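Q: My structure file data16.csv, CSV, C-alpha atoms and all ligand atoms, is below:
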chain,number,residue,atom,x,y,z
Z,1,MET,CA,-26.9,17.5,-0.9
Z,2,LEU,CA,-29.3,17.4,2.0
Z,3,VAL,CA,-28.2,17.7,5.6
Z,4,ASP,CA,-31.2,17.0,7.9
Z,5,GLY,CA,-33.5,18.0,5.0
Z,6,VAL,CA,-31.7,21.3,4.3
Z,7,PRO,CA,-29.8,21.6,0.9
Z,8,TYR,CA,-26.2,22.5,1.4
Z,9,ARG,CA,-23.1,23.1,-0.7
Z,10,THR,CA,-19.7,22.9,1.0
Z,11,ILE,CA,-18.9,26.6,0.4
Z,12,TRP,CA,-21.2,29.5,-0.3
Z,13,LEU,CA,-21.4,33.3,-0.1
Z,14,ALA,CA,-22.8,34.7,3.2
Z,15,ASP,CA,-26.0,36.7,3.2
Z,16,ASP,CA,-24.0,39.9,3.4
Z,17,GLY,CA,-22.6,39.2,0.0
Z,18,TRP,CA,-18.9,39.3,0.8
Z,19,ALA,CA,-17.9,36.9,3.5
Z,20,VAL,CA,-17.7,33.2,2.7
Z,21,GLU,CA,-19.1,30.3,4.6
Z,22,ILE,CA,-17.9,26.7,4.8
Z,23,ILE,CA,-18.8,23.4,6.6
Z,24,ASP,CA,-16.0,22.8,9.1
Z,25,GLN,CA,-15.0,19.3,8.1
Z,26,THR,CA,-12.7,18.9,11.1
Z,27,ARG,CA,-15.8,18.7,13.3
Z,28,LEU,CA,-17.5,16.0,11.3
Z,29,PRO,CA,-18.9,13.4,11.9
Z,30,HIS,CA,-19.7,14.3,15.5
Z,31,ALA,CA,-20.8,17.9,14.9
Z,32,PHE,CA,-22.1,19.8,11.9
Z,33,VAL,CA,-20.6,23.3,12.2
Z,34,THR,CA,-20.4,26.0,9.6
Z,35,ARG,CA,-17.7,28.8,9.7
Z,36,ARG,CA,-17.5,32.3,8.3
Z,37,LEU,CA,-14.4,33.3,6.5
Z,38,GLU,CA,-13.7,37.0,6.2
Z,39,THR,CA,-10.1,37.3,5.2
Z,40,LEU,CA,-7.5,35.7,2.9
Z,41,GLN,CA,-5.7,34.4,5.9
Z,42,ALA,CA,-8.9,32.7,7.2
Z,43,ALA,CA,-9.3,31.0,3.8
Z,44,ALA,CA,-5.7,29.9,3.7
Z,45,ASN,CA,-6.0,28.5,7.2
Z,46,ALA,CA,-9.2,26.7,6.4
Z,47,ILE,CA,-7.4,24.9,3.6
Z,48,GLY,CA,-4.1,24.3,5.5
Z,49,ASP,CA,-6.0,23.0,8.6
Z,50,MET,CA,-8.3,20.9,6.4
Z,51,GLN,CA,-11.5,22.6,7.5
Z,52,VAL,CA,-12.1,22.4,3.8
Z,53,ARG,CA,-10.3,19.6,1.9
Z,54,GLY,CA,-10.7,17.5,-1.2
Z,55,ALA,CA,-9.1,18.7,-4.4
Z,56,PRO,CA,-12.0,20.5,-6.1
Z,57,LEU,CA,-13.1,22.2,-2.8
Z,58,ILE,CA,-9.6,23.3,-2.1
Z,59,GLY,CA,-9.7,25.1,-5.5
Z,60,ALA,CA,-13.1,26.6,-4.8
Z,61,CYS,CA,-12.0,27.9,-1.4
Z,62,ALA,CA,-8.8,29.3,-2.9
Z,63,ALA,CA,-10.9,31.2,-5.5
Z,64,TYR,CA,-13.0,32.7,-2.8
Z,65,GLY,CA,-9.8,33.4,-0.8
Z,66,MET,CA,-8.7,35.6,-3.8
Z,67,ALA,CA,-12.1,37.4,-3.7
Z,68,LEU,CA,-11.7,38.1,0.0
Z,69,ALA,CA,-8.2,39.4,-0.6
Z,70,MET,CA,-9.4,41.7,-3.4
Z,71,HIS,CA,-12.3,42.9,-1.1
Z,72,ALA,CA,-9.7,44.0,1.4
Z,73,ASP,CA,-7.0,45.4,-0.9
Z,74,PRO,CA,-7.2,45.1,-4.7
Z,75,SER,CA,-3.7,46.2,-5.4
Z,76,ALA,CA,-1.3,44.3,-7.7
Z,77,ASP,CA,1.0,43.6,-4.7
Z,78,ASN,CA,-1.8,42.1,-2.7
Z,79,LEU,CA,-2.9,40.0,-5.7
Z,80,ALA,CA,0.6,38.5,-6.0
Z,81,ARG,CA,1.0,38.0,-2.3
Z,82,SER,CA,-2.4,36.4,-1.9
Z,83,TYR,CA,-1.8,34.0,-4.9
Z,84,ASP,CA,1.5,32.9,-3.2
Z,85,ARG,CA,0.0,32.5,0.2
Z,86,LEU,CA,-2.9,30.3,-1.0
Z,87,LEU,CA,-0.7,28.3,-3.3
Z,88,ALA,CA,1.6,27.4,-0.3
Z,89,THR,CA,-1.3,25.9,1.7
Z,90,ARG,CA,-1.2,22.4,0.3
Z,91,PRO,CA,1.2,21.0,-2.4
Z,92,THR,CA,-0.4,18.0,-4.0
Z,93,ALA,CA,-3.9,18.8,-5.3
Z,94,VAL,CA,-3.4,20.6,-8.5
Z,95,ASN,CA,-7.0,22.1,-8.5
Z,96,LEU,CA,-5.5,24.7,-6.1
Z,97,ARG,CA,-3.1,26.0,-8.7
Z,98,TRP,CA,-5.7,25.7,-11.5
Z,99,ALA,CA,-8.2,27.9,-9.5
Z,100,LEU,CA,-5.5,30.4,-8.6
Z,101,ASP,CA,-4.4,30.7,-12.2
Z,102,GLU,CA,-8.0,31.2,-13.3
Z,103,MET,CA,-8.4,34.0,-10.8
Z,104,ALA,CA,-5.0,35.7,-11.2
Z,105,GLY,CA,-5.2,35.5,-15.0
Z,106,LEU,CA,-8.5,37.3,-14.9
Z,107,LEU,CA,-7.7,39.8,-12.2
Z,108,ARG,CA,-4.3,40.9,-13.4
Z,109,GLU,CA,-5.9,42.3,-16.6
Z,110,LEU,CA,-8.3,44.5,-14.6
Z,111,SER,CA,-7.9,47.8,-12.9
Z,112,PRO,CA,-7.8,47.5,-9.1
Z,113,ASN,CA,-11.3,49.0,-8.7
Z,114,ALA,CA,-12.8,46.3,-10.9
Z,115,ARG,CA,-11.1,43.4,-9.2
Z,116,ALA,CA,-13.2,42.6,-6.2
Z,117,THR,CA,-16.5,42.3,-8.2
Z,118,ALA,CA,-14.9,40.2,-10.9
Z,119,ALA,CA,-13.2,38.0,-8.3
Z,120,TYR,CA,-16.5,37.2,-6.6
Z,121,ARG,CA,-18.2,36.6,-9.9
Z,122,ARG,CA,-15.4,34.2,-11.1
Z,123,ALA,CA,-15.3,32.3,-7.8
Z,124,ALA,CA,-19.1,31.8,-7.9
Z,125,GLU,CA,-18.7,30.5,-11.5
Z,126,ILE,CA,-15.9,28.1,-10.4
Z,127,CYS,CA,-18.3,26.7,-7.8
Z,128,ASP,CA,-21.2,26.4,-10.2
Z,129,GLU,CA,-18.9,24.8,-12.8
Z,130,ASP,CA,-17.7,22.3,-10.2
Z,131,VAL,CA,-21.3,21.3,-9.4
Z,132,ALA,CA,-22.1,20.7,-13.0
Z,133,THR,CA,-18.9,18.9,-13.7
Z,134,CYS,CA,-19.3,16.5,-10.8
Z,135,GLU,CA,-22.9,15.8,-11.7
Z,136,ALA,CA,-21.7,15.0,-15.2
Z,137,ILE,CA,-19.1,12.6,-13.8
Z,138,GLY,CA,-21.9,11.0,-11.9
Z,139,GLY,CA,-23.9,10.4,-15.0
Z,140,HIS,CA,-20.9,8.8,-16.8
Z,141,GLY,CA,-19.9,6.7,-13.9
Z,142,LEU,CA,-23.5,5.5,-13.4
Z,143,ALA,CA,-23.2,3.5,-16.6
Z,144,LEU,CA,-20.4,1.5,-15.0
Z,145,ILE,CA,-22.5,0.7,-11.9
Z,146,GLU,CA,-25.5,-0.2,-14.1
Z,147,ALA,CA,-23.2,-2.6,-16.1
Z,148,ALA,CA,-22.1,-4.2,-12.8
Z,149,ALA,CA,-25.7,-4.5,-11.7
Z,150,ARG,CA,-26.6,-6.4,-14.8
Z,151,GLY,CA,-24.4,-9.3,-13.5
Z,152,LYS,CA,-26.3,-9.5,-10.3
Z,153,SER,CA,-29.5,-11.4,-9.4
Z,154,ALA,CA,-32.6,-9.4,-8.5
Z,155,GLY,CA,-32.1,-7.4,-5.3
Z,156,GLU,CA,-28.4,-8.4,-4.9
Z,157,PRO,CA,-26.4,-5.2,-4.4
Z,158,VAL,CA,-23.4,-4.0,-6.4
Z,159,ASN,CA,-20.5,-3.9,-4.0
Z,160,LEU,CA,-18.3,-0.8,-4.5
Z,161,LEU,CA,-15.1,0.1,-2.6
Z,162,THR,CA,-13.9,3.6,-2.2
Z,163,HIS,CA,-11.0,5.2,-0.4
Z,164,CYS,CA,-10.8,8.5,1.5
Z,165,ASN,CA,-13.6,11.0,0.8
Z,166,ALA,CA,-14.2,11.9,-2.8
Z,167,GLY,CA,-17.8,12.7,-2.1
Z,168,TRP,CA,-19.8,16.0,-2.0
Z,169,LEU,CA,-17.7,17.1,1.0
Z,170,ALA,CA,-14.6,17.0,-1.2
Z,171,THR,CA,-16.2,19.1,-3.9
Z,172,VAL,CA,-18.8,21.9,-4.0
Z,173,ASP,CA,-21.5,19.3,-4.4
Z,174,TRP,CA,-22.1,15.7,-5.7
Z,175,GLY,CA,-18.5,14.6,-5.3
Z,176,THR,CA,-16.3,12.8,-7.9
Z,177,ALA,CA,-16.0,9.1,-6.9
Z,178,LEU,CA,-19.3,9.2,-5.0
Z,179,ALA,CA,-21.3,11.1,-7.7
Z,180,PRO,CA,-21.9,7.9,-9.7
Z,181,ILE,CA,-23.0,6.2,-6.5
Z,182,TYR,CA,-25.5,8.9,-5.7
Z,183,LYS,CA,-26.8,8.8,-9.2
Z,184,ALA,CA,-27.2,5.0,-9.0
Z,185,HIS,CA,-28.9,5.3,-5.6
Z,186,GLU,CA,-31.3,7.9,-7.1
Z,187,ARG,CA,-32.1,5.4,-9.8
Z,188,GLY,CA,-33.0,2.8,-7.2
Z,189,LEU,CA,-30.1,0.4,-7.9
Z,190,ALA,CA,-29.2,-1.9,-5.0
Z,191,LEU,CA,-25.8,-0.8,-3.8
Z,192,HIS,CA,-23.4,-1.4,-0.9
Z,193,VAL,CA,-20.2,0.6,-0.4
Z,194,TRP,CA,-17.1,-0.6,1.4
Z,195,VAL,CA,-15.6,2.5,3.0
Z,196,ASP,CA,-11.9,2.5,3.7
Z,197,GLU,CA,-11.4,4.3,7.0
Z,198,THR,CA,-8.4,6.1,5.5
Z,199,ARG,CA,-5.9,6.6,8.3
Z,200,PRO,CA,-4.5,8.8,9.6
Z,201,ARG,CA,-7.2,11.5,9.3
Z,202,ASN,CA,-10.0,9.0,8.7
Z,203,GLN,CA,-11.7,10.8,5.9
Z,204,GLY,CA,-13.5,7.6,5.0
Z,205,ALA,CA,-14.7,6.7,8.5
Z,206,ALA,CA,-15.5,10.3,9.4
Z,207,LEU,CA,-16.7,11.9,6.2
Z,208,THR,CA,-17.6,9.3,3.5
Z,209,ALA,CA,-19.5,7.2,6.1
Z,210,TRP,CA,-21.3,10.4,7.3
Z,211,GLU,CA,-22.4,11.6,3.9
Z,212,LEU,CA,-23.4,8.1,2.6
Z,213,GLY,CA,-25.4,7.6,5.8
Z,214,ARG,CA,-27.1,11.0,5.5
Z,215,HIS,CA,-28.1,10.0,2.0
Z,216,GLY,CA,-29.3,6.6,2.9
Z,217,VAL,CA,-26.7,4.6,0.9
Z,218,PRO,CA,-25.9,1.3,2.6
Z,219,HIS,CA,-22.2,1.1,3.5
Z,220,THR,CA,-19.7,-0.6,5.8
Z,221,VAL,CA,-16.6,1.0,7.2
Z,222,ILE,CA,-13.5,-1.2,6.9
Z,223,VAL,CA,-9.9,-0.9,8.1
Z,224,ASP,CA,-7.6,0.2,5.4
Z,225,ASN,CA,-6.0,-3.2,5.1
Z,226,ALA,CA,-9.3,-5.1,4.5
Z,227,GLY,CA,-9.8,-4.3,0.8
Z,228,GLY,CA,-7.5,-7.0,-0.5
Z,229,HIS,CA,-9.1,-9.7,1.5
Z,230,LEU,CA,-12.6,-8.7,0.4
Z,231,MET,CA,-11.5,-8.6,-3.3
Z,232,GLN,CA,-10.0,-12.1,-3.0
Z,233,HIS,CA,-13.4,-13.3,-1.8
Z,234,GLY,CA,-15.4,-11.7,-4.6
Z,235,ARG,CA,-17.0,-9.2,-2.3
Z,236,VAL,CA,-16.0,-6.1,-4.4
Z,237,ASP,CA,-17.5,-5.6,-7.9
Z,238,LEU,CA,-16.0,-2.2,-8.6
Z,239,CYS,CA,-13.6,0.3,-7.0
Z,240,ILE,CA,-14.1,4.0,-7.6
Z,241,VAL,CA,-11.7,6.6,-6.0
Z,242,GLY,CA,-11.0,10.2,-6.6
Z,243,THR,CA,-7.7,11.9,-7.4
Z,244,ASP,CA,-5.8,15.1,-6.4
Z,245,ARG,CA,-3.6,15.2,-9.5
Z,246,THR,CA,-3.7,13.2,-12.7
Z,247,THR,CA,-0.9,13.4,-15.1
Z,248,ALA,CA,-1.2,13.8,-18.9
Z,249,ARG,CA,-0.6,10.1,-19.3
Z,250,GLY,CA,-3.1,9.0,-16.7
Z,251,ASP,CA,-1.1,8.4,-13.5
Z,252,VAL,CA,-3.3,9.3,-10.6
Z,253,CYS,CA,-2.2,10.7,-7.2
Z,254,ASN,CA,-4.7,10.2,-4.4
Z,255,LYS,CA,-4.9,9.7,-0.7
Z,256,ILE,CA,-2.2,7.5,0.7
Z,257,GLY,CA,-3.2,3.8,0.4
Z,258,THR,CA,-4.9,4.2,-3.0
Z,259,TYR,CA,-2.0,2.5,-4.7
Z,260,LEU,CA,-2.3,-0.6,-2.5
Z,261,LYS,CA,-6.0,-0.9,-3.4
Z,262,ALA,CA,-5.2,-0.6,-7.1
Z,263,LEU,CA,-2.6,-3.4,-6.7
Z,264,ALA,CA,-5.1,-5.6,-5.0
Z,265,ALA,CA,-7.8,-4.8,-7.6
Z,266,HIS,CA,-5.4,-5.6,-10.4
Z,267,ASP,CA,-4.4,-8.9,-8.8
Z,268,ASN,CA,-8.0,-9.9,-8.4
Z,269,GLY,CA,-9.4,-8.7,-11.7
Z,270,VAL,CA,-11.6,-6.1,-10.0
Z,271,PRO,CA,-12.2,-2.9,-12.1
Z,272,PHE,CA,-10.5,0.1,-10.6
Z,273,TYR,CA,-11.9,3.4,-11.8
Z,274,VAL,CA,-10.8,7.0,-10.9
Z,275,ALA,CA,-13.2,9.9,-11.1
Z,276,LEU,CA,-12.0,13.4,-11.8
Z,277,PRO,CA,-12.9,16.8,-13.2
Z,278,HIS,CA,-10.7,18.5,-15.8
Z,279,SER,CA,-9.3,20.8,-13.1
Z,280,THR,CA,-7.5,17.8,-11.5
Z,281,ILE,CA,-5.4,17.1,-14.7
Z,282,ASP,CA,-1.9,18.4,-14.6
Z,283,TRP,CA,-1.1,18.6,-18.3
Z,284,THR,CA,2.5,19.7,-17.6
Z,285,ILE,CA,3.6,16.4,-16.2
Z,286,HIS,CA,3.6,12.7,-17.2
Z,287,ASP,CA,5.4,10.5,-14.7
Z,288,GLY,CA,3.3,10.9,-11.5
Z,289,VAL,CA,5.8,9.0,-9.2
Z,290,ALA,CA,8.7,11.2,-10.2
Z,291,GLU,CA,6.9,14.5,-10.7
Z,292,ILE,CA,4.1,14.9,-8.2
Z,293,PRO,CA,5.0,16.6,-4.9
Z,294,ILE,CA,3.7,14.4,-2.0
Z,295,GLU,CA,2.5,16.3,1.0
Z,296,GLN,CA,3.9,15.2,4.3
Z,297,ARG,CA,1.8,16.3,7.3
Z,298,ASP,CA,2.4,16.5,11.0
Z,299,PRO,CA,3.4,13.2,12.5
Z,300,ALA,CA,1.0,13.8,15.3
Z,301,GLU,CA,-1.8,12.8,12.9
Z,302,VAL,CA,-0.3,9.3,13.0
Z,303,LEU,CA,0.7,9.2,16.6
Z,304,GLU,CA,-2.7,10.3,17.9
Z,305,ILE,CA,-6.3,9.7,17.1
Z,306,ALA,CA,-9.5,11.7,17.9
Z,307,GLY,CA,-12.9,10.3,18.8
Z,308,LEU,CA,-16.1,10.7,20.7
Z,309,THR,CA,-15.9,9.7,24.4
Z,310,PRO,CA,-18.8,8.1,26.2
Z,311,ALA,CA,-19.3,11.5,27.8
Z,312,GLY,CA,-20.1,13.0,24.4
Z,313,GLU,CA,-16.9,15.0,24.0
Z,314,VAL,CA,-14.3,14.7,21.3
Z,315,ALA,CA,-10.9,13.8,22.7
Z,316,ARG,CA,-7.4,13.1,21.2
Z,317,VAL,CA,-5.6,10.1,22.6
Z,318,ALA,CA,-2.1,8.7,22.0
Z,319,LEU,CA,-1.7,5.5,20.0
Z,320,THR,CA,2.0,4.8,20.1
Z,321,PRO,CA,4.7,4.5,22.7
Z,322,ALA,CA,6.1,7.9,23.8
Z,323,GLY,CA,9.2,8.6,21.7
Z,324,SER,CA,8.3,6.6,18.6
Z,325,ALA,CA,8.8,8.5,15.4
Z,326,ALA,CA,6.1,8.6,12.7
Z,327,ALA,CA,6.1,9.5,9.0
Z,328,ASN,CA,2.9,11.0,7.5
Z,329,TYR,CA,2.9,10.8,3.7
Z,330,ALA,CA,-0.5,12.1,2.7
Z,331,PHE,CA,-0.7,10.8,-0.9
Z,332,ASP,CA,0.6,8.1,-3.2
Z,333,VAL,CA,0.6,7.6,-7.0
Z,334,THR,CA,-1.1,4.8,-8.8
Z,335,PRO,CA,0.5,4.2,-12.2
Z,336,ALA,CA,-1.9,4.4,-15.1
Z,337,ARG,CA,-1.4,0.7,-16.0
Z,338,LEU,CA,-3.3,-0.2,-12.8
Z,339,VAL,CA,-6.3,2.1,-13.6
Z,340,SER,CA,-9.2,0.5,-15.6
Z,341,GLY,CA,-10.5,3.9,-16.7
Z,342,LEU,CA,-10.9,7.6,-15.9
Z,343,ILE,CA,-14.4,8.9,-15.3
Z,344,THR,CA,-14.5,12.6,-16.3
Z,345,GLU,CA,-17.2,15.1,-17.0
Z,346,ARG,CA,-16.7,14.4,-20.7
Z,347,GLY,CA,-17.0,10.6,-20.5
Z,348,VAL,CA,-15.0,7.6,-19.5
Z,349,CYS,CA,-11.6,7.1,-21.1
Z,350,ALA,CA,-8.5,4.9,-20.8
Z,351,ALA,CA,-5.9,6.0,-18.3
Z,352,SER,CA,-3.4,6.9,-21.0
Z,353,ALA,CA,-2.1,9.9,-22.9
Z,354,ASP,CA,-4.3,8.9,-25.9
Z,355,GLY,CA,-7.3,8.3,-23.7
Z,356,LEU,CA,-7.1,11.8,-22.1
Z,357,ALA,CA,-6.2,13.5,-25.4
Z,358,GLY,CA,-9.3,11.9,-27.0
Z,359,LEU,CA,-11.5,13.6,-24.4
Z,360,TYR,CA,-9.5,16.8,-24.1
Z,361,PRO,CA,-8.1,17.4,-27.6
Z,362,GLU,CA,-7.4,21.0,-26.7
Z,363,HIS,CA,-4.7,19.7,-24.4
Z,364,ALA,CA,-3.5,16.8,-26.5
Z,365,PRO,CA,0.2,16.2,-25.6
Z,366,GLU,CA,2.3,15.9,-28.7
Z,367,HIS,CA,5.1,13.8,-27.4
Z,368,ALA,CA,3.8,12.3,-24.1
Z,369,PRO,CA,5.7,9.2,-23.2
Z,370,GLU,CA,3.4,6.2,-22.4
Z,371,GLN,CA,4.3,4.1,-19.4
Z,372,ALA,CA,5.6,0.6,-20.3
Z,373,ASP,CA,3.4,-2.3,-19.2
Z,374,GLY,CA,4.6,-4.7,-16.6
A,1,LIG,O1,-6.2,15.2,2.2
A,1,LIG,P1,-7.5,15.4,1.6
A,1,LIG,O2,-8.6,15.0,2.5
A,1,LIG,O3,-7.7,16.7,1.0
A,1,LIG,O4,-7.5,14.3,0.4
A,1,LIG,C1,-8.6,14.1,-0.4
A,1,LIG,C2,-8.5,13.0,-1.3
A,1,LIG,O5,-7.5,12.3,-1.4
A,1,LIG,C3,-9.6,12.8,-2.3
A,1,LIG,O6,-9.7,11.4,-2.6
A,1,LIG,C4,-9.3,13.6,-3.5
A,1,LIG,O7,-9.2,15.0,-3.2
A,1,LIG,C5,-10.4,13.4,-4.5
A,1,LIG,S1,-11.5,14.7,-4.4
A,1,LIG,C6,-13.0,14.5,-5.0
Take the structure in this file and express it as structure tokens.
A:
Amino acid sequence: MLVDGVPYRTIWLADDGWAVEIIDQTRLPHAFVTRRLETLQAAANAIGDMQVRGAPLIGACAAYGMALAMHADPSADNLARSYDRLLATRPTAVNLRWALDEMAGLLRELSPNARATAAYRRAAEICDEDVATCEAIGGHGLALIEAAARGKSAGEPVNLLTHCNAGWLATVDWGTALAPIYKAHERGLALHVWVDETRPRNQGAALTAWELGRHGVPHTVIVDNAGGHLMQHGRVDLCIVGTDRTTARGDVCNKIGTYLKALAAHDNGVPFYVALPHSTIDWTIHDGVAEIPIEQRDPAEVLEIAGLTPAGEVARVALTPAGSAAANYAFDVTPARLVSGLITERGVCAASADGLAGLYPEHAPEHAPEQADG
């Protein structure tokens, strides 16, 4: 995607061919800052501190973290330690484990002196694959937006609603939920996106609004609780969100608050789609509510908020009375029955074991329990 006319990915190899560079997402939308990562520890901190975030990008950064680790010390001990260190950074997005398994599976088979070169090569492939995958998701999701546009009179925009940031900043490029929106925008379709602010870290207000704005896509930031009201009044044609982990039967875990949007969409007959690459599917589990670990983050993210002061500085301020406790659940699970369909790089399918098995027959679960309706 373009930033001030310059094409960027969210992660890339530095000109020296071994360090890794990222966009520091904690500085957006008020400053565009890139950072150089030189060590495994720096890569792990970038994920843990959410300088990089979003399920596919977490995986890509972890892959490059393994490459940095092998550059420093390609021993089997360091390989195992680095895998564990990176895996411990964030618990919910399964792309992290997927990417680490890809890297470790390859590197364990090699002699130490071959590991660094192979690690950089595979990390670069993971990034390129993510770009191609997300672009394909965009192509498949485009058909849904085109269908919604056919129900509109000339010039009337399709109104979409999205939650958190599942745009190009959450991936290597294109995004998942936003890829169909970028494709539709490229085609010249009239669009308008309702952007949930996504408390407490405000990935919607800070990141989704920033990238849509840079790309010229009309959008409006709304508070997290506004979506239901807009749906009741016919102001949302289609919801598209991302996911951090999708189970083999199609339950989707995404940023906290996604479930409430899905309930509102269900109650109002608004289609609710979830966009995801294959690396977000956890084929080992079925019941998302029972089986997906939900990250709990620092309560300070709820108790305080950061913003730009009139003096042009970013400052944190307190929101709550001193002494109030806060809980900070970062994700929730939307049961498959509330999801109209899954938009993948292989096409759109029902959010069900059969739907996913149809697109990914190599993973077809033999005895996956379907969720009862109701
Ligand atoms: O905590 P974050 O910002 O990493 O959470 C990101 C999300 O919840 C996204 O919706 C998800 O990763 C989908 S990514 C394309």
Q: When the cut-off is 6 Å and you count all atoms listed in the file, which residues lie near ligand LIG 1 (chain A), shown as a count of residues only?
A: 16
Q: Using all atoms listed in the file, which protein or nucleic acid residues come within 6 Å of Z:Tyr273? Drop anything in the same chain fewer than 6 positions from it, and give the result as a list in words.
A: Cys239, Ile240, Ser340, Gly341 and Leu342 of chain Z
Q: Skip Z:Ala275 itself and residues of its chain fewer than 6 positions away, then list as a PyMOL selection string all residues within 12 Å of it, counting all atoms listed in the file.
A: chain Z and resi 55-56+133-142+144+162-163+165-167+174-181+239-246+250+252-254+281+339-351
Q: Just to confirm, what's the straight-line distance from atom CA of Z:His215 to atom CA of Z:Thr10 in Å (one decimal)?
A: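 So the two atoms, atom CA of Z:His215 and atom CA of Z:Thr10, lie 15.4 Å apart.
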Q: Of the residues Z:Gly257, Z:Gly105, Z:Pro200, Z:Pro361, which is the one nearest to Z:Arg297, using all atoms listed in the file?
A: Z:Pro200
Q: Report as a PDB file with C-alpha atoms, keeping the file's coordinate frame all protein, DNA and RNA residues lying within 12 Å of Z:Gly323, evaluated on all atoms listed in the file, omitting residues in the same chain fewer than 6 positions from it.
A:
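Okay, part28.pdb is ready:
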ATOM      1  CA  PRO Z 299       3.400  13.200  12.500  1.00  0.00           C
ATOM      2  CA  ALA Z 300       1.000  13.800  15.300  1.00  0.00           C
ATOM      3  CA  LEU Z 303       0.700   9.200  16.600  1.00  0.00           C
TER       4      LEU Z 303
END
Q: Given only C-alpha atoms as the basis, pick out the residue of Z:Val317, Z:Trp168, Z:Leu13, Z:Leu238 nearest to Z:Arg214.
A: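 Of the candidates, the smallest distance to Z:Arg214 is held by Z:Trp168.
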Q: Quick one: residues within 9 Å of Z:Leu100, all atoms listed in the file, excluding same-chain residues fewer than 6 positions away - as a list in words?
A: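 After dropping sequence-adjacent residues, the list is Gly59, Ala62, Ala63, Met66, Tyr83, Leu86 and Leu87 of chain Z.
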Q: Between atom CA of Z:His219 and atom CA of Z:Pro157, measure the distance and give it in Å to one decimal.
A: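 These atoms are spaced 10.9 Å apart.
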Q: Kindly indicate which residue among Z:Pro335, Z:Ser82, Z:Ala99, Z:Gly234 lies nearest to Z:Glu129, using only C-alpha atoms for the distances.
A: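 Looking at the shortest contact to Z:Glu129, the residue is Z:Ala99.
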Q: Provide the atom CA of Z:Ala72 to atom CA of Z:Thr39 distance in Å, to one decimal place.
A: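 Those two atoms sit 7.7 Å apart.
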Q: Restricting the calculation to only C-alpha atoms, which member of Z:Ala154, Z:Ala206, Z:Val172, Z:Val333 is positioned closest to Z:Met1?
A: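 The answer is Z:Val172, which sits nearest to Z:Met1.
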Q: Neighbourhood query: residues within 12 Å of (-32.3, -6.8, -3.4), file coordinates, counting all atoms listed in the file; return as a PyMOL selection string.
A: chain Z and resi 149+152-158+188-192+218
Q: Pick out the closest residue to Z:Val131 from this set: Z:Arg35, Z:His185, Z:Arg97, Z:Arg9. Count all atoms listed in the file.
A: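 Looking at the shortest contact to Z:Val131, the residue is Z:Arg9.
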Q: Let me make sure I understand: among Z:Leu338, Z:Val270, Z:Arg249, Z:Ile305, which one has the smallest atom-to-atom distance to Z:Leu356 if we use all atoms listed in the file?
A: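 Answer, going by the shortest atom-to-atom distance: Z:Arg249.
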Q: Need to verify the contact set: stretch 42-47 of chain Z, 8 Å, only C-alpha atoms, exclusion of same-chain residues closer than 6 positions in sequence. Can you return it as a list in words?
A: Arg53, Ile58, Cys61, Ala62, Tyr64, Gly65, Arg85, Leu86, Thr89 and Arg90 of chain Z
